[in-house]
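Q: PDB, C-alpha atoms and all ligand atoms, file protein.pdb:
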```
ATOM      1  CA  MET E 258     131.816  97.499 272.473  1.00  0.00           C
ATOM      2  CA  PRO E 259     131.537  97.775 269.879  1.00  0.00           C
ATOM      3  CA  LEU E 260     129.125  97.297 269.591  1.00  0.00           C
ATOM      4  CA  PHE E 261     130.047  95.383 266.481  1.00  0.00           C
ATOM      5  CA  GLY E 262     132.968  93.293 265.364  1.00  0.00           C
ATOM      6  CA  LYS E 263     135.810  93.101 267.832  1.00  0.00           C
ATOM      7  CA  GLY E 264     134.613  92.787 271.373  1.00  0.00           C
ATOM      8  CA  ARG E 265     130.955  92.324 270.578  1.00  0.00           C
ATOM      9  CA  LYS E 266     129.278  89.864 272.857  1.00  0.00           C
ATOM     10  CA  ASN E 267     127.015  86.973 271.854  1.00  0.00           C
ATOM     11  CA  LYS E 268     128.766  86.597 268.536  1.00  0.00           C
ATOM     12  CA  SER E 269     127.806  82.948 268.306  1.00  0.00           C
ATOM     13  CA  ARG E 270     124.139  83.834 268.303  1.00  0.00           C
ATOM     14  CA  VAL E 271     124.340  85.709 265.043  1.00  0.00           C
ATOM     15  CA  VAL E 272     122.997  83.951 261.966  1.00  0.00           C
ATOM     16  CA  GLU E 273     124.263  85.190 258.622  1.00  0.00           C
ATOM     17  CA  ARG E 274     122.431  84.826 255.332  1.00  0.00           C
ATOM     18  CA  GLN E 275     124.804  83.997 252.518  1.00  0.00           C
ATOM     19  CA  ILE E 276     122.988  85.847 249.752  1.00  0.00           C
ATOM     20  CA  THR E 277     122.483  89.167 251.432  1.00  0.00           C
ATOM     21  CA  GLY E 278     125.088  89.152 254.172  1.00  0.00           C
ATOM     22  CA  ARG E 279     122.366  90.154 256.625  1.00  0.00           C
ATOM     23  CA  ARG E 280     123.095  88.933 260.127  1.00  0.00           C
ATOM     24  CA  PHE E 281     120.280  88.235 262.518  1.00  0.00           C
ATOM     25  CA  LEU E 282     120.422  87.977 266.269  1.00  0.00           C
ATOM     26  CA  GLY E 283     119.281  84.491 267.150  1.00  0.00           C
ATOM     27  CA  LYS E 284     117.414  82.274 264.723  1.00  0.00           C
ATOM     28  CA  LYS E 285     115.249  83.787 262.079  1.00  0.00           C
ATOM     29  CA  ILE E 286     113.567  82.306 259.045  1.00  0.00           C
ATOM     30  CA  TRP E 287     114.610  84.194 255.980  1.00  0.00           C
ATOM     31  CA  ASN E 288     111.889  85.644 253.841  1.00  0.00           C
ATOM     32  CA  PRO E 289     113.397  87.089 250.651  1.00  0.00           C
ATOM     33  CA  LYS E 290     110.377  89.277 250.120  1.00  0.00           C
ATOM     34  CA  THR E 291     110.847  91.146 253.345  1.00  0.00           C
ATOM     35  CA  ASP E 292     114.591  90.865 253.737  1.00  0.00           C
ATOM     36  CA  TRP E 293     115.756  94.470 253.695  1.00  0.00           C
ATOM     37  CA  ALA E 294     119.040  93.669 252.267  1.00  0.00           C
ATOM     38  CA  LYS E 295     119.982  94.379 248.726  1.00  0.00           C
ATOM     39  CA  HIS E 296     119.948  98.140 248.921  1.00  0.00           C
ATOM     40  CA  SER E 297     119.769 100.698 251.655  1.00  0.00           C
ATOM     41  CA  THR E 298     118.452 104.149 251.065  1.00  0.00           C
ATOM     42  CA  GLU E 299     120.916 106.871 250.144  1.00  0.00           C
ATOM     43  CA  LEU E 300     121.379 110.022 252.170  1.00  0.00           C
ATOM     44  CA  SER E 301     120.113 112.331 249.421  1.00  0.00           C
ATOM     45  CA  TRP E 302     116.823 110.456 249.352  1.00  0.00           C
ATOM     46  CA  ILE E 303     116.512 110.556 253.133  1.00  0.00           C
ATOM     47  CA  LYS E 304     117.219 114.297 253.212  1.00  0.00           C
ATOM     48  CA  GLY E 305     114.509 114.796 250.603  1.00  0.00           C
ATOM     49  CA  THR E 306     112.032 112.692 252.548  1.00  0.00           C
ATOM     50  CA  PHE E 307     112.694 114.468 255.828  1.00  0.00           C
ATOM     51  CA  GLY E 308     112.550 117.833 254.065  1.00  0.00           C
ATOM     52  CA  LYS E 309     112.259 120.792 256.394  1.00  0.00           C
ATOM     53  CA  PHE E 310     113.015 118.656 259.436  1.00  0.00           C
ATOM     54  CA  TRP E 311     116.555 118.143 258.160  1.00  0.00           C
ATOM     55  CA  ARG E 312     116.923 121.924 258.240  1.00  0.00           C
ATOM     56  CA  THR E 313     116.598 124.730 260.758  1.00  0.00           C
ATOM     57  CA  ASN E 314     113.742 127.229 260.588  1.00  0.00           C
ATOM     58  CA  SER E 315     115.979 129.512 258.567  1.00  0.00           C
ATOM     59  CA  GLY E 316     116.636 126.739 256.053  1.00  0.00           C
ATOM     60  CA  GLU E 317     120.183 125.799 257.039  1.00  0.00           C
ATOM     61  CA  ASN E 318     121.347 122.240 257.508  1.00  0.00           C
ATOM     62  CA  PHE E 319     120.287 121.368 261.061  1.00  0.00           C
ATOM     63  CA  ILE E 320     123.434 119.482 262.042  1.00  0.00           C
ATOM     64  CA  TYR E 321     125.984 121.853 260.556  1.00  0.00           C
ATOM     65  CA  SER E 322     124.224 124.900 261.877  1.00  0.00           C
ATOM     66  CA  ARG E 323     124.339 123.412 265.383  1.00  0.00           C
ATOM     67  CA  TYR E 324     127.972 122.486 264.900  1.00  0.00           C
ATOM     68  CA  HIS E 325     128.807 126.134 264.225  1.00  0.00           C
ATOM     69  CA  GLU E 326     126.640 127.353 267.075  1.00  0.00           C
ATOM     70  CA  LEU E 327     127.774 124.834 269.713  1.00  0.00           C
ATOM     71  CA  LYS E 328     131.329 124.402 268.412  1.00  0.00           C
ATOM     72  CA  ARG E 329     131.371 120.664 268.903  1.00  0.00           C
ATOM     73  CA  PRO E 330     130.840 117.678 266.612  1.00  0.00           C
ATOM     74  CA  GLN E 331     127.237 116.622 266.351  1.00  0.00           C
ATOM     75  CA  LEU E 332     126.381 113.125 267.457  1.00  0.00           C
ATOM     76  CA  VAL E 333     123.940 111.526 265.044  1.00  0.00           C
ATOM     77  CA  LEU E 334     122.194 108.173 265.350  1.00  0.00           C
ATOM     78  CA  ASP E 335     120.731 106.387 262.339  1.00  0.00           C
ATOM     79  CA  TRP E 336     118.113 104.136 263.944  1.00  0.00           C
ATOM     80  CA  GLY E 337     117.470 101.101 261.710  1.00  0.00           C
ATOM     81  CA  CYS E 338     120.470 101.827 259.498  1.00  0.00           C
ATOM     82  CA  ALA E 339     120.500  98.483 257.634  1.00  0.00           C
ATOM     83  CA  ARG E 340     123.722  98.365 255.599  1.00  0.00           C
ATOM     84  CA  GLY E 341     124.687 101.824 256.812  1.00  0.00           C
ATOM     85  CA  VAL E 342     124.737 103.454 253.390  1.00  0.00           C
ATOM     86  CA  ALA E 343     123.210 106.766 254.508  1.00  0.00           C
ATOM     87  CA  ALA E 344     125.114 106.766 257.797  1.00  0.00           C
ATOM     88  CA  THR E 345     128.405 106.372 255.932  1.00  0.00           C
ATOM     89  CA  GLU E 346     127.541 109.092 253.445  1.00  0.00           C
ATOM     90  CA  LEU E 347     126.690 111.411 256.317  1.00  0.00           C
ATOM     91  CA  ALA E 348     129.955 110.655 258.106  1.00  0.00           C
ATOM     92  CA  LEU E 349     131.906 111.385 254.916  1.00  0.00           C
ATOM     93  CA  GLU E 350     129.911 114.505 254.116  1.00  0.00           C
ATOM     94  CA  GLY E 351     130.111 115.912 257.631  1.00  0.00           C
ATOM     95  CA  GLY E 352     133.753 115.044 258.331  1.00  0.00           C
ATOM     96  CA  PRO E 353     134.828 116.511 261.693  1.00  0.00           C
ATOM     97  CA  ARG E 354     131.432 118.131 262.165  1.00  0.00           C
ATOM     98  CA  VAL E 355     129.714 114.809 262.884  1.00  0.00           C
ATOM     99  CA  GLN E 356     130.094 111.546 264.696  1.00  0.00           C
ATOM    100  CA  VAL E 357     127.726 108.938 263.317  1.00  0.00           C
ATOM    101  CA  ILE E 358     126.338 105.834 265.002  1.00  0.00           C
ATOM    102  CA  GLY E 359     124.357 103.270 263.034  1.00  0.00           C
ATOM    103  CA  TYR E 360     121.987 101.045 264.950  1.00  0.00           C
ATOM    104  CA  SER E 361     119.954  98.063 263.853  1.00  0.00           C
ATOM    105  CA  LYS E 362     118.876  94.728 265.240  1.00  0.00           C
ATOM    106  CA  ASP E 363     120.343  93.166 262.113  1.00  0.00           C
ATOM    107  CA  SER E 364     123.875  93.749 260.962  1.00  0.00           C
ATOM    108  CA  TYR E 365     125.770  93.237 257.715  1.00  0.00           C
ATOM    109  CA  SER E 366     129.154  91.784 256.998  1.00  0.00           C
ATOM    110  CA  GLN E 367     130.365  95.048 255.472  1.00  0.00           C
ATOM    111  CA  TRP E 368     129.929  96.851 258.792  1.00  0.00           C
ATOM    112  CA  THR E 369     133.216  95.312 259.876  1.00  0.00           C
ATOM    113  CA  LYS E 370     135.072  97.063 257.039  1.00  0.00           C
ATOM    114  CA  ASN E 371     133.576 100.455 257.768  1.00  0.00           C
ATOM    115  CA  ASP E 372     135.718 102.909 259.748  1.00  0.00           C
ATOM    116  CA  GLU E 373     133.470 105.919 259.272  1.00  0.00           C
ATOM    117  CA  VAL E 374     130.547 104.827 261.421  1.00  0.00           C
ATOM    118  CA  THR E 375     130.233 103.148 264.815  1.00  0.00           C
ATOM    119  CA  PHE E 376     127.708 100.371 264.406  1.00  0.00           C
ATOM    120  CA  ILE E 377     125.602  98.816 267.124  1.00  0.00           C
ATOM    121  CA  GLN E 378     123.710  95.590 266.697  1.00  0.00           C
ATOM    122  CA  CYS E 379     121.505  94.651 269.602  1.00  0.00           C
ATOM    123  CA  HIS E 380     117.935  94.224 270.665  1.00  0.00           C
ATOM    124  CA  GLN E 381     116.102  97.483 271.139  1.00  0.00           C
ATOM    125  CA  LYS E 382     115.936  97.091 274.900  1.00  0.00           C
ATOM    126  CA  GLU E 383     119.745  96.830 275.084  1.00  0.00           C
ATOM    127  CA  LEU E 384     120.446  99.971 273.095  1.00  0.00           C
ATOM    128  CA  GLY E 385     120.538 102.246 276.145  1.00  0.00           C
ATOM    129  CA  LYS E 386     123.428 100.258 277.576  1.00  0.00           C
ATOM    130  CA  TYR E 387     125.460 100.642 274.404  1.00  0.00           C
ATOM    131  CA  LEU E 388     124.709 104.344 274.191  1.00  0.00           C
ATOM    132  CA  LYS E 389     125.938 105.002 277.724  1.00  0.00           C
ATOM    133  CA  LYS E 390     129.469 105.567 276.524  1.00  0.00           C
ATOM    134  CA  PHE E 391     128.314 108.345 274.196  1.00  0.00           C
ATOM    135  CA  PRO E 392     127.328 111.853 275.222  1.00  0.00           C
ATOM    136  CA  GLN E 393     123.928 113.235 274.385  1.00  0.00           C
ATOM    137  CA  ILE E 394     122.689 112.791 270.849  1.00  0.00           C
ATOM    138  CA  ASP E 395     121.901 115.743 268.636  1.00  0.00           C
ATOM    139  CA  LEU E 396     119.960 114.033 265.878  1.00  0.00           C
ATOM    140  CA  ILE E 397     118.278 110.647 265.698  1.00  0.00           C
ATOM    141  CA  TYR E 398     116.925 109.954 262.245  1.00  0.00           C
ATOM    142  CA  SER E 399     115.157 106.851 261.118  1.00  0.00           C
ATOM    143  CA  HIS E 400     114.083 106.073 257.580  1.00  0.00           C
ATOM    144  CA  PHE E 401     111.453 103.346 257.890  1.00  0.00           C
ATOM    145  CA  GLY E 402     113.040 102.106 261.112  1.00  0.00           C
ATOM    146  CA  LEU E 403     111.291 103.552 264.157  1.00  0.00           C
ATOM    147  CA  TRP E 404     108.127 103.230 262.148  1.00  0.00           C
ATOM    148  CA  HIS E 405     108.224  99.532 263.036  1.00  0.00           C
ATOM    149  CA  LEU E 406     107.456 100.502 266.633  1.00  0.00           C
ATOM    150  CA  THR E 407     104.356 102.472 265.844  1.00  0.00           C
ATOM    151  CA  GLY E 408     102.015  99.700 264.793  1.00  0.00           C
ATOM    152  CA  GLY E 409     101.667 101.349 261.372  1.00  0.00           C
ATOM    153  CA  TRP E 410      98.708 103.067 259.806  1.00  0.00           C
ATOM    154  CA  PRO E 411      95.826 103.209 260.541  1.00  0.00           C
ATOM    155  CA  THR E 412      96.218 102.110 264.131  1.00  0.00           C
ATOM    156  CA  SER E 413      99.496 103.914 264.837  1.00  0.00           C
ATOM    157  CA  LYS E 414      99.344 102.821 268.405  1.00  0.00           C
ATOM    158  CA  LEU E 415     102.433 102.647 270.525  1.00  0.00           C
ATOM    159  CA  LYS E 416     102.798  99.427 272.450  1.00  0.00           C
ATOM    160  CA  PRO E 417     104.078  99.875 276.021  1.00  0.00           C
ATOM    161  CA  ASP E 418     107.622  98.728 275.210  1.00  0.00           C
ATOM    162  CA  SER E 419     107.723 100.973 272.137  1.00  0.00           C
ATOM    163  CA  ALA E 420     106.563 103.905 274.226  1.00  0.00           C
ATOM    164  CA  GLU E 421     109.357 103.181 276.700  1.00  0.00           C
ATOM    165  CA  HIS E 422     111.843 103.097 273.868  1.00  0.00           C
ATOM    166  CA  PHE E 423     110.731 106.480 272.537  1.00  0.00           C
ATOM    167  CA  LYS E 424     111.051 107.884 276.042  1.00  0.00           C
ATOM    168  CA  ALA E 425     114.559 106.468 276.387  1.00  0.00           C
ATOM    169  CA  LEU E 426     115.641 107.881 273.021  1.00  0.00           C
ATOM    170  CA  PHE E 427     114.158 111.251 273.890  1.00  0.00           C
ATOM    171  CA  SER E 428     115.979 111.334 277.216  1.00  0.00           C
ATOM    172  CA  LYS E 429     119.246 110.782 275.351  1.00  0.00           C
ATOM    173  CA  LEU E 430     118.763 113.918 273.223  1.00  0.00           C
ATOM    174  CA  SER E 431     120.668 117.123 273.851  1.00  0.00           C
ATOM    175  CA  ASP E 432     118.717 120.360 274.267  1.00  0.00           C
ATOM    176  CA  GLY E 433     117.344 121.348 270.906  1.00  0.00           C
ATOM    177  CA  GLY E 434     118.105 117.862 269.572  1.00  0.00           C
ATOM    178  CA  ARG E 435     115.685 116.058 267.280  1.00  0.00           C
ATOM    179  CA  ILE E 436     114.216 112.683 266.474  1.00  0.00           C
ATOM    180  CA  VAL E 437     113.027 112.582 262.872  1.00  0.00           C
ATOM    181  CA  PHE E 438     111.353 109.524 261.387  1.00  0.00           C
ATOM    182  CA  ASN E 439     108.940 108.575 258.668  1.00  0.00           C
ATOM    183  CA  GLY E 440     106.299 105.984 258.043  1.00  0.00           C
ATOM    184  CA  LYS E 441     103.908 105.118 255.280  1.00  0.00           C
ATOM    185  CA  ILE E 442     101.218 107.393 256.591  1.00  0.00           C
ATOM    186  CA  PHE E 443     100.841 108.439 260.164  1.00  0.00           C
ATOM    187  CA  ASN E 444      97.769 109.931 261.600  1.00  0.00           C
ATOM    188  CA  LEU E 445      97.687 112.724 264.075  1.00  0.00           C
ATOM    189  CA  THR E 446      96.807 110.243 266.797  1.00  0.00           C
ATOM    190  CA  LEU E 447     100.401 109.067 266.892  1.00  0.00           C
ATOM    191  CA  CYS E 448     101.654 112.656 267.245  1.00  0.00           C
ATOM    192  CA  LYS E 449      99.239 113.212 270.083  1.00  0.00           C
ATOM    193  CA  GLN E 450     100.344 110.008 271.789  1.00  0.00           C
ATOM    194  CA  LEU E 451     103.996 111.013 271.487  1.00  0.00           C
ATOM    195  CA  ALA E 452     103.314 114.533 272.732  1.00  0.00           C
ATOM    196  CA  GLN E 453     101.448 113.153 275.722  1.00  0.00           C
ATOM    197  CA  LEU E 454     104.123 110.581 276.395  1.00  0.00           C
ATOM    198  CA  LEU E 455     107.049 112.998 276.253  1.00  0.00           C
ATOM    199  CA  GLY E 456     105.470 115.933 278.034  1.00  0.00           C
ATOM    200  CA  ASN E 457     106.174 119.651 277.940  1.00  0.00           C
ATOM    201  CA  SER E 458     109.819 119.361 277.058  1.00  0.00           C
ATOM    202  CA  ALA E 459     108.950 117.910 273.647  1.00  0.00           C
ATOM    203  CA  ARG E 460     107.600 119.618 270.563  1.00  0.00           C
ATOM    204  CA  VAL E 461     106.054 117.061 268.221  1.00  0.00           C
ATOM    205  CA  GLU E 462     105.434 118.100 264.626  1.00  0.00           C
ATOM    206  CA  VAL E 463     104.313 116.333 261.510  1.00  0.00           C
ATOM    207  CA  ASP E 464     104.760 117.344 257.887  1.00  0.00           C
ATOM    208  CA  ARG E 465     101.763 118.188 255.786  1.00  0.00           C
ATOM    209  CA  TRP E 466     101.523 114.703 254.317  1.00  0.00           C
ATOM    210  CA  GLU E 467     101.563 113.208 257.821  1.00  0.00           C
ATOM    211  CA  ASN E 468     104.459 111.092 256.701  1.00  0.00           C
ATOM    212  CA  VAL E 469     107.352 112.513 258.719  1.00  0.00           C
ATOM    213  CA  ILE E 470     107.331 113.187 262.445  1.00  0.00           C
ATOM    214  CA  CYS E 471     109.841 115.445 264.155  1.00  0.00           C
ATOM    215  CA  ILE E 472     110.280 115.524 267.928  1.00  0.00           C
ATOM    216  CA  THR E 473     112.395 118.374 269.281  1.00  0.00           C
ATOM    217  CA  LYS E 474     113.722 118.514 272.830  1.00  0.00           C
ATOM    218  CA  LEU E 475     112.986 121.983 274.112  1.00  0.00           C
ATOM    219  CA  SER E 476     115.578 123.574 276.350  1.00  0.00           C
TER     220      SER E 476
HETATM  221  C1  LIG Z   1     112.894  98.942 256.290  1.00  0.00           C
HETATM  222  S1  LIG Z   1     114.540  98.825 256.852  1.00  0.00           S
HETATM  223  C2  LIG Z   1     115.150 100.468 256.524  1.00  0.00           C
HETATM  224  C3  LIG Z   1     116.616 100.515 256.408  1.00  0.00           C
HETATM  225  C4  LIG Z   1     117.264 101.879 256.129  1.00  0.00           C
HETATM  226  N1  LIG Z   1     116.937 102.854 257.127  1.00  0.00           N
HETATM  227  C5  LIG Z   1     116.902 102.375 254.772  1.00  0.00           C
HETATM  228  O1  LIG Z   1     116.048 103.266 254.664  1.00  0.00           O
HETATM  229  O2  LIG Z   1     117.444 101.870 253.803  1.00  0.00           O
HETATM  230  C6  LIG Z   1     114.286  98.795 258.603  1.00  0.00           C
HETATM  231  C7  LIG Z   1     115.530  98.720 259.420  1.00  0.00           C
HETATM  232  O3  LIG Z   1     115.162  98.861 260.795  1.00  0.00           O
HETATM  233  C8  LIG Z   1     115.676  97.780 261.556  1.00  0.00           C
HETATM  234  N2  LIG Z   1     114.711  97.489 262.617  1.00  0.00           N
HETATM  235  C9  LIG Z   1     113.398  97.225 262.473  1.00  0.00           C
HETATM  236  N3  LIG Z   1     112.834  96.997 263.686  1.00  0.00           N
HETATM  237  C10 LIG Z   1     113.819  97.151 264.588  1.00  0.00           C
HETATM  238  C11 LIG Z   1     113.888  97.043 265.997  1.00  0.00           C
HETATM  239  N4  LIG Z   1     112.813  96.749 266.720  1.00  0.00           N
HETATM  240  N5  LIG Z   1     115.066  97.258 266.606  1.00  0.00           N
HETATM  241  C12 LIG Z   1     116.156  97.566 265.879  1.00  0.00           C
HETATM  242  N6  LIG Z   1     116.172  97.673 264.542  1.00  0.00           N
HETATM  243  C13 LIG Z   1     115.016  97.474 263.904  1.00  0.00           C
HETATM  244  C14 LIG Z   1     115.868  96.641 260.568  1.00  0.00           C
HETATM  245  O4  LIG Z   1     116.872  95.760 261.001  1.00  0.00           O
HETATM  246  C15 LIG Z   1     116.293  97.428 259.324  1.00  0.00           C
HETATM  247  O5  LIG Z   1     117.674  97.692 259.355  1.00  0.00           O
END
```
Write the structure described by the file as structure tokens, please.
A:
Amino acid sequence: MPLFGKGRKNKSRVVERQITGRRFLGKKIWNPKTDWAKHSTELSWIKGTFGKFWRTNSGENFIYSRYHELKRPQLVLDWGCARGVAATELALEGGPRVQVIGYSKDSYSQWTKNDEVTFIQCHQKELGKYLKKFPQIDLIYSHFGLWHLTGGWPTSKLKPDSAEHFKALFSKLSDGGRIVFNGKIFNLTLCKQLAQLLGNSARVEVDRWENVICITKLS
């Protein structure tokens, strides 16, 4: 740990693309059309996309309201953070109220210069190991990240390893914590699958456009 930069294992297996600075684990053929690299989405856009799920029922900011209620910094994970633009903005906005982790299977050279966010680059199945040193997570948000695990519309079918990953993320949530993620269009089948997978301790909701899913861990 990290996680990234100093002390990270398997450094030699990372391949960096000169143009974008994107660093892949292992060998990967670069496709400029799909290389999510030049820009990462800003926090204001993500907040807008996640809408009511970024807030409490009474309309307050979910993280800051919990910070005041629980009197401890809120641990937030940006799953599929790319360059870490939104994660950094959140860390700066939240100050002592938040601790932000950015996770992605690809990393970027500028991660090393970033002191605001703890970045993790690893394969999805390794993430649990890296998260062990952190306490429970209060918010996991993912803007077009976790969506990659859902098979996409119209099938929106969780593969067994994706289902396991959702379960693992859910088990890492604190009581009342949330996983919020979006996709192009989900159907209700995915919500039903997630609800079935996670059982009675999860409330799974979708926004009215079926674009954002919010999973809450019930206490
Ligand atoms: C479409 S980009 C979105 C980036 C960023 N959230 C944004 O909105 O600008 C998807 C991100 O998810 C990451 N990602 C996709 N599949 C992943 C997986 N199976 N494990 C870890 N990261 C993954 C990619 O590396 C990339 O950073």
Q: Please identify all protein, DNA and RNA residues within 10 Å of ligand LIG 1 (chain Z), counting all atoms listed in the file, and report them as a PDB file with C-alpha atoms, in the coordinates of the input.
A:
```pdb
ATOM      1  CA  ARG E 279     122.366  90.154 256.625  1.00  0.00           C
ATOM      2  CA  ARG E 280     123.095  88.933 260.127  1.00  0.00           C
ATOM      3  CA  PHE E 281     120.280  88.235 262.518  1.00  0.00           C
ATOM      4  CA  THR E 291     110.847  91.146 253.345  1.00  0.00           C
ATOM      5  CA  ASP E 292     114.591  90.865 253.737  1.00  0.00           C
ATOM      6  CA  TRP E 293     115.756  94.470 253.695  1.00  0.00           C
ATOM      7  CA  ALA E 294     119.040  93.669 252.267  1.00  0.00           C
ATOM      8  CA  LYS E 295     119.982  94.379 248.726  1.00  0.00           C
ATOM      9  CA  HIS E 296     119.948  98.140 248.921  1.00  0.00           C
ATOM     10  CA  SER E 297     119.769 100.698 251.655  1.00  0.00           C
ATOM     11  CA  THR E 298     118.452 104.149 251.065  1.00  0.00           C
ATOM     12  CA  GLU E 299     120.916 106.871 250.144  1.00  0.00           C
ATOM     13  CA  LEU E 300     121.379 110.022 252.170  1.00  0.00           C
ATOM     14  CA  TRP E 302     116.823 110.456 249.352  1.00  0.00           C
ATOM     15  CA  ILE E 303     116.512 110.556 253.133  1.00  0.00           C
ATOM     16  CA  ASP E 335     120.731 106.387 262.339  1.00  0.00           C
ATOM     17  CA  TRP E 336     118.113 104.136 263.944  1.00  0.00           C
ATOM     18  CA  GLY E 337     117.470 101.101 261.710  1.00  0.00           C
ATOM     19  CA  CYS E 338     120.470 101.827 259.498  1.00  0.00           C
ATOM     20  CA  ALA E 339     120.500  98.483 257.634  1.00  0.00           C
ATOM     21  CA  ARG E 340     123.722  98.365 255.599  1.00  0.00           C
ATOM     22  CA  GLY E 341     124.687 101.824 256.812  1.00  0.00           C
ATOM     23  CA  VAL E 342     124.737 103.454 253.390  1.00  0.00           C
ATOM     24  CA  ALA E 343     123.210 106.766 254.508  1.00  0.00           C
ATOM     25  CA  ALA E 344     125.114 106.766 257.797  1.00  0.00           C
ATOM     26  CA  GLY E 359     124.357 103.270 263.034  1.00  0.00           C
ATOM     27  CA  TYR E 360     121.987 101.045 264.950  1.00  0.00           C
ATOM     28  CA  SER E 361     119.954  98.063 263.853  1.00  0.00           C
ATOM     29  CA  LYS E 362     118.876  94.728 265.240  1.00  0.00           C
ATOM     30  CA  ASP E 363     120.343  93.166 262.113  1.00  0.00           C
ATOM     31  CA  SER E 364     123.875  93.749 260.962  1.00  0.00           C
ATOM     32  CA  TYR E 365     125.770  93.237 257.715  1.00  0.00           C
ATOM     33  CA  ILE E 377     125.602  98.816 267.124  1.00  0.00           C
ATOM     34  CA  GLN E 378     123.710  95.590 266.697  1.00  0.00           C
ATOM     35  CA  CYS E 379     121.505  94.651 269.602  1.00  0.00           C
ATOM     36  CA  HIS E 380     117.935  94.224 270.665  1.00  0.00           C
ATOM     37  CA  GLN E 381     116.102  97.483 271.139  1.00  0.00           C
ATOM     38  CA  LYS E 382     115.936  97.091 274.900  1.00  0.00           C
ATOM     39  CA  GLU E 383     119.745  96.830 275.084  1.00  0.00           C
ATOM     40  CA  LEU E 384     120.446  99.971 273.095  1.00  0.00           C
ATOM     41  CA  TYR E 398     116.925 109.954 262.245  1.00  0.00           C
ATOM     42  CA  SER E 399     115.157 106.851 261.118  1.00  0.00           C
ATOM     43  CA  HIS E 400     114.083 106.073 257.580  1.00  0.00           C
ATOM     44  CA  PHE E 401     111.453 103.346 257.890  1.00  0.00           C
ATOM     45  CA  GLY E 402     113.040 102.106 261.112  1.00  0.00           C
ATOM     46  CA  LEU E 403     111.291 103.552 264.157  1.00  0.00           C
ATOM     47  CA  TRP E 404     108.127 103.230 262.148  1.00  0.00           C
ATOM     48  CA  HIS E 405     108.224  99.532 263.036  1.00  0.00           C
ATOM     49  CA  LEU E 406     107.456 100.502 266.633  1.00  0.00           C
ATOM     50  CA  SER E 419     107.723 100.973 272.137  1.00  0.00           C
ATOM     51  CA  HIS E 422     111.843 103.097 273.868  1.00  0.00           C
ATOM     52  CA  PHE E 438     111.353 109.524 261.387  1.00  0.00           C
ATOM     53  CA  ASN E 439     108.940 108.575 258.668  1.00  0.00           C
ATOM     54  CA  GLY E 440     106.299 105.984 258.043  1.00  0.00           C
TER      55      GLY E 440
END
```
Q: Tell me which of E:Ser428, E:Thr473, E:Thr407, E:Trp368 sits closest to E:Thr313, counting only C-alpha atoms.
A: E:Thr473
Q: Hey, can you pull every residue with an atom no more than 10 Å from (114.2, 127.5, 274.2), using all atoms listed in the file, and send it as a list in words?
A: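 Counting all atoms listed in the file, I find these residues within 10 Å of (114.2, 127.5, 274.2): Asp432, Gly433, Ser458, Lys474, Leu475 and Ser476 of chain E.
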Q: Can you work out which one of E:Cys471, E:Val461, E:Leu282, E:Ile358 has the shortest atom-to-atom distance to E:Arg435, counting only C-alpha atoms?
A: E:Cys471
Q: Once the PyMOL selection byres (((chain E and resi 347-354) around 10) and not hetatm) has been evaluated on this model, what residues remain selected, and can you format them as an mmCIF file with C-alpha atoms, in the frame of the given file?
A:
```cif
data_model
loop_
_atom_site.group_PDB
_atom_site.id
_atom_site.type_symbol
_atom_site.label_atom_id
_atom_site.label_comp_id
_atom_site.auth_asym_id
_atom_site.auth_seq_id
_atom_site.Cartn_x
_atom_site.Cartn_y
_atom_site.Cartn_z
ATOM 1 C CA GLU E 299 120.916 106.871 250.144
ATOM 2 C CA LEU E 300 121.379 110.022 252.170
ATOM 3 C CA SER E 301 120.113 112.331 249.421
ATOM 4 C CA ILE E 320 123.434 119.482 262.042
ATOM 5 C CA TYR E 321 125.984 121.853 260.556
ATOM 6 C CA SER E 322 124.224 124.900 261.877
ATOM 7 C CA ARG E 323 124.339 123.412 265.383
ATOM 8 C CA TYR E 324 127.972 122.486 264.900
ATOM 9 C CA HIS E 325 128.807 126.134 264.225
ATOM 10 C CA LYS E 328 131.329 124.402 268.412
ATOM 11 C CA ARG E 329 131.371 120.664 268.903
ATOM 12 C CA PRO E 330 130.840 117.678 266.612
ATOM 13 C CA GLN E 331 127.237 116.622 266.351
ATOM 14 C CA LEU E 332 126.381 113.125 267.457
ATOM 15 C CA VAL E 333 123.940 111.526 265.044
ATOM 16 C CA ASP E 335 120.731 106.387 262.339
ATOM 17 C CA GLY E 341 124.687 101.824 256.812
ATOM 18 C CA VAL E 342 124.737 103.454 253.390
ATOM 19 C CA ALA E 343 123.210 106.766 254.508
ATOM 20 C CA ALA E 344 125.114 106.766 257.797
ATOM 21 C CA THR E 345 128.405 106.372 255.932
ATOM 22 C CA GLU E 346 127.541 109.092 253.445
ATOM 23 C CA VAL E 355 129.714 114.809 262.884
ATOM 24 C CA GLN E 356 130.094 111.546 264.696
ATOM 25 C CA VAL E 357 127.726 108.938 263.317
ATOM 26 C CA ILE E 358 126.338 105.834 265.002
ATOM 27 C CA ASP E 372 135.718 102.909 259.748
ATOM 28 C CA GLU E 373 133.470 105.919 259.272
ATOM 29 C CA VAL E 374 130.547 104.827 261.421
#
```
Q: Which distance in Å separates atom CA of E:Trp311 and atom CA of E:Ile436, to one decimal?
A: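 Value for the atom CA of E:Trp311-atom CA of E:Ile436 distance: 10.2 Å.
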Q: What's the 12 Å shell around stretch 442-446 of chain E, counting only C-alpha atoms, without same-chain residues fewer than 5 positions away, as a PyMOL selection string?
A: chain E and resi 401+404-405+407-415+451-453+461-470
Q: Considering all atoms listed in the file, state which residue in the set E:Leu455, E:Cys448, E:Leu396, E:Phe307 is at the smallest distance from E:Lys424.
A: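 The closest residue to E:Lys424 is E:Leu455.
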Q: Go through E:Leu327, E:Leu334, E:Ala459, E:Ile472 and flag the residue nearest E:Ile394, using all atoms listed in the file for the distances.
A: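 The shortest atom-to-atom distance to E:Ile394 comes from E:Leu334.
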Q: By how many Å are atom CA of E:Ala425 and atom CA of E:Glu326 apart?
A: 25.9 Å
